[in-house]
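Have a look at the structure below before the remarks.
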Amino acid sequence: MEALKLETYTSDDIKAMPEGTRVELLDGVLYDMASPTTVHQRLTFQLSFAIESHIRAKKGKCEVIPAPYGVFLDKKNFLEPDISVICDTDKIKKDGCHGAPDWVIEVVSPSSQVMDYLRKLKKYIAFGVREYWIVDPQDETVTTYDLENDNMAKYTFHDEIACQLFPGLKLEIDKLGRW
């Protein structure tokens, strides 16, 4: 992801952009987003479906919303996580989520590694995201951050990965479907 002009932008600038514009805003700096690959989209779909199915089966109230979906952390920080799981549905507005989702999943690409592993992680910690996963299709790994308990773990796509936010939800990427 490459920074665009070195001006300071706000969420108002994001809202004024033409529909379909794909950018993220970190500390007032705009970053252009690359188009996702087929593998990226398949993984996002499979994960969203598995999480949504679990929540519905448990009669949970949290919502699973895949990208493109805007998350307004504050005036200078706007992100489009690949998957947002939001349990406080009062945060969900017509234009996106206002405040931190409870769980964020990013499917990393070679061009977004610094953004996903460093910059976004720092923002998610600062704004109170409870759980953050980074899914890497190139390495076939998943790095999980339980931000409430300050725990980090790394798994392969063959491992069963337990979600801390939803006890009983365990995902094995290889068994989710075609990606």
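FYI, nothing fancy with the structure tokens labels: chains A, B, ... in order, residues from 1 per chain, ligands from 1 as they appear.
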
Give me, as a count of residues only, all polymer residues having an atom no more than 12 Å from Ile92 in chain A, counting only C-alpha atoms and skipping those fewer than 4 positions away in the same chain.
19

Taking the DSSP secondary structure from the backbone, can you list the residues of chain A that are alpha helix (DSSP H), as a PyMOL selection string?
chain A and resi 11-16+38-57+113-114+120-127

Mind giving me the straight-line distance from CA of Asp146 in chain A to CA of Arg130 in chain A in Å, one decimal?
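Taking CA of Asp146 in chain A and CA of Arg130 in chain A, their separation equals 6.4 Å.
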
Would you return as an MDAnalysis selection string the members of range 55-166 of chain A that DSSP assigns to strand (DSSP E) on this structure's backbone?
chainID A and resid 63:66 71:74 77:79 83:86 92:93 96:98 103:107 131:136 141:146 151:156 161:162

Selection near Asn151 in chain A, 12 Å with only C-alpha atoms, sequence-local residues under 3 positions removed, as a PyMOL selection string:
chain A and resi 125+130-133+143-148+154+164

Can you write just those residues out, N, CA, C and O atoms, as a short mmCIF file (atom, residue, chain, number, x, y, z; two decimals), in the first residue's frame?
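Just written: result.cif:
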data_model
loop_
_atom_site.label_atom_id
_atom_site.label_comp_id
_atom_site.auth_asym_id
_atom_site.auth_seq_id
_atom_site.Cartn_x
_atom_site.Cartn_y
_atom_site.Cartn_z
N ILE A 125 -5.06 -2.10 18.42
CA ILE A 125 -4.76 -2.13 19.86
C ILE A 125 -5.22 -0.82 20.50
O ILE A 125 -5.92 -0.83 21.52
N ARG A 130 -10.86 -6.33 20.08
CA ARG A 130 -10.62 -7.40 21.05
C ARG A 130 -9.80 -8.56 20.49
O ARG A 130 -9.03 -9.20 21.19
N GLU A 131 -10.00 -8.84 19.19
CA GLU A 131 -9.28 -9.95 18.56
C GLU A 131 -8.95 -9.55 17.12
O GLU A 131 -9.77 -8.93 16.44
N TYR A 132 -7.74 -9.91 16.68
CA TYR A 132 -7.27 -9.55 15.34
C TYR A 132 -6.56 -10.75 14.75
O TYR A 132 -5.68 -11.32 15.39
N TRP A 133 -6.97 -11.15 13.54
CA TRP A 133 -6.33 -12.24 12.83
C TRP A 133 -5.77 -11.72 11.52
O TRP A 133 -6.42 -10.95 10.82
N THR A 143 -1.91 -15.56 11.88
CA THR A 143 -1.39 -14.98 13.11
C THR A 143 -2.58 -14.40 13.86
O THR A 143 -3.33 -13.60 13.31
N THR A 144 -2.77 -14.85 15.09
CA THR A 144 -3.90 -14.38 15.89
C THR A 144 -3.40 -13.52 17.04
O THR A 144 -2.38 -13.82 17.65
N TYR A 145 -4.14 -12.46 17.31
CA TYR A 145 -3.85 -11.58 18.42
C TYR A 145 -5.09 -11.51 19.30
O TYR A 145 -6.13 -11.02 18.88
N ASP A 146 -4.98 -12.04 20.51
CA ASP A 146 -6.02 -11.89 21.52
C ASP A 146 -5.63 -10.61 22.26
O ASP A 146 -4.81 -10.63 23.17
N LEU A 147 -6.18 -9.50 21.83
CA LEU A 147 -5.73 -8.19 22.34
C LEU A 147 -6.22 -7.90 23.75
O LEU A 147 -5.63 -7.09 24.45
N GLU A 148 -7.27 -8.59 24.19
CA GLU A 148 -7.75 -8.41 25.56
C GLU A 148 -6.78 -9.03 26.56
O GLU A 148 -6.63 -8.53 27.68
N LYS A 154 0.72 -18.18 16.26
CA LYS A 154 0.79 -18.38 14.81
C LYS A 154 0.43 -19.83 14.50
O LYS A 154 0.88 -20.75 15.18
N GLN A 164 -11.02 -16.61 20.41
CA GLN A 164 -11.15 -16.26 21.82
C GLN A 164 -12.47 -15.56 22.12
O GLN A 164 -13.04 -15.70 23.18
#

Which residues, written as a PDB file with C-alpha atoms, in the first residue's frame, have at least one atom at most 12 Å from Trp179 in chain A, with only C-alpha atoms counted and residues fewer than 3 positions away on the same chain left out?
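Final file, part.pdb:
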ATOM      1  CA  THR A  37      -7.123 -11.386  -5.788  1.00  0.00           C
ATOM      2  CA  THR A  38      -9.458 -14.312  -6.302  1.00  0.00           C
ATOM      3  CA  VAL A  39      -7.790 -16.261  -3.472  1.00  0.00           C
ATOM      4  CA  HIS A  40      -8.169 -13.241  -1.189  1.00  0.00           C
ATOM      5  CA  GLN A  41     -11.888 -12.958  -1.951  1.00  0.00           C
ATOM      6  CA  ARG A  42     -12.518 -16.688  -1.584  1.00  0.00           C
ATOM      7  CA  LEU A  43     -10.807 -16.754   1.808  1.00  0.00           C
ATOM      8  CA  THR A  44     -12.746 -13.691   2.935  1.00  0.00           C
ATOM      9  CA  PHE A  45     -16.019 -15.306   1.870  1.00  0.00           C
ATOM     10  CA  GLN A  46     -15.287 -18.697   3.446  1.00  0.00           C
ATOM     11  CA  LEU A  47     -14.210 -17.169   6.761  1.00  0.00           C
ATOM     12  CA  VAL A 107      -6.209 -11.381   4.450  1.00  0.00           C
ATOM     13  CA  PRO A 137      -2.433 -17.217   1.854  1.00  0.00           C
ATOM     14  CA  GLN A 138       1.144 -17.140   0.537  1.00  0.00           C
ATOM     15  CA  GLU A 140      -0.609 -20.526   4.559  1.00  0.00           C
ATOM     16  CA  PHE A 157      -3.887 -23.521   7.500  1.00  0.00           C
ATOM     17  CA  ILE A 173      -8.679 -22.880   6.947  1.00  0.00           C
ATOM     18  CA  ASP A 174      -7.947 -25.965   4.809  1.00  0.00           C
ATOM     19  CA  LYS A 175     -11.418 -27.351   5.586  1.00  0.00           C
ATOM     20  CA  LEU A 176     -13.419 -24.194   4.867  1.00  0.00           C
TER      21      LEU A 176
END

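Taking only C-alpha atoms into account, Leu73 in chain A lies nearest to A:Lys123 out of the set A:Lys123, A:His54, A:Lys170, A:Lys15.
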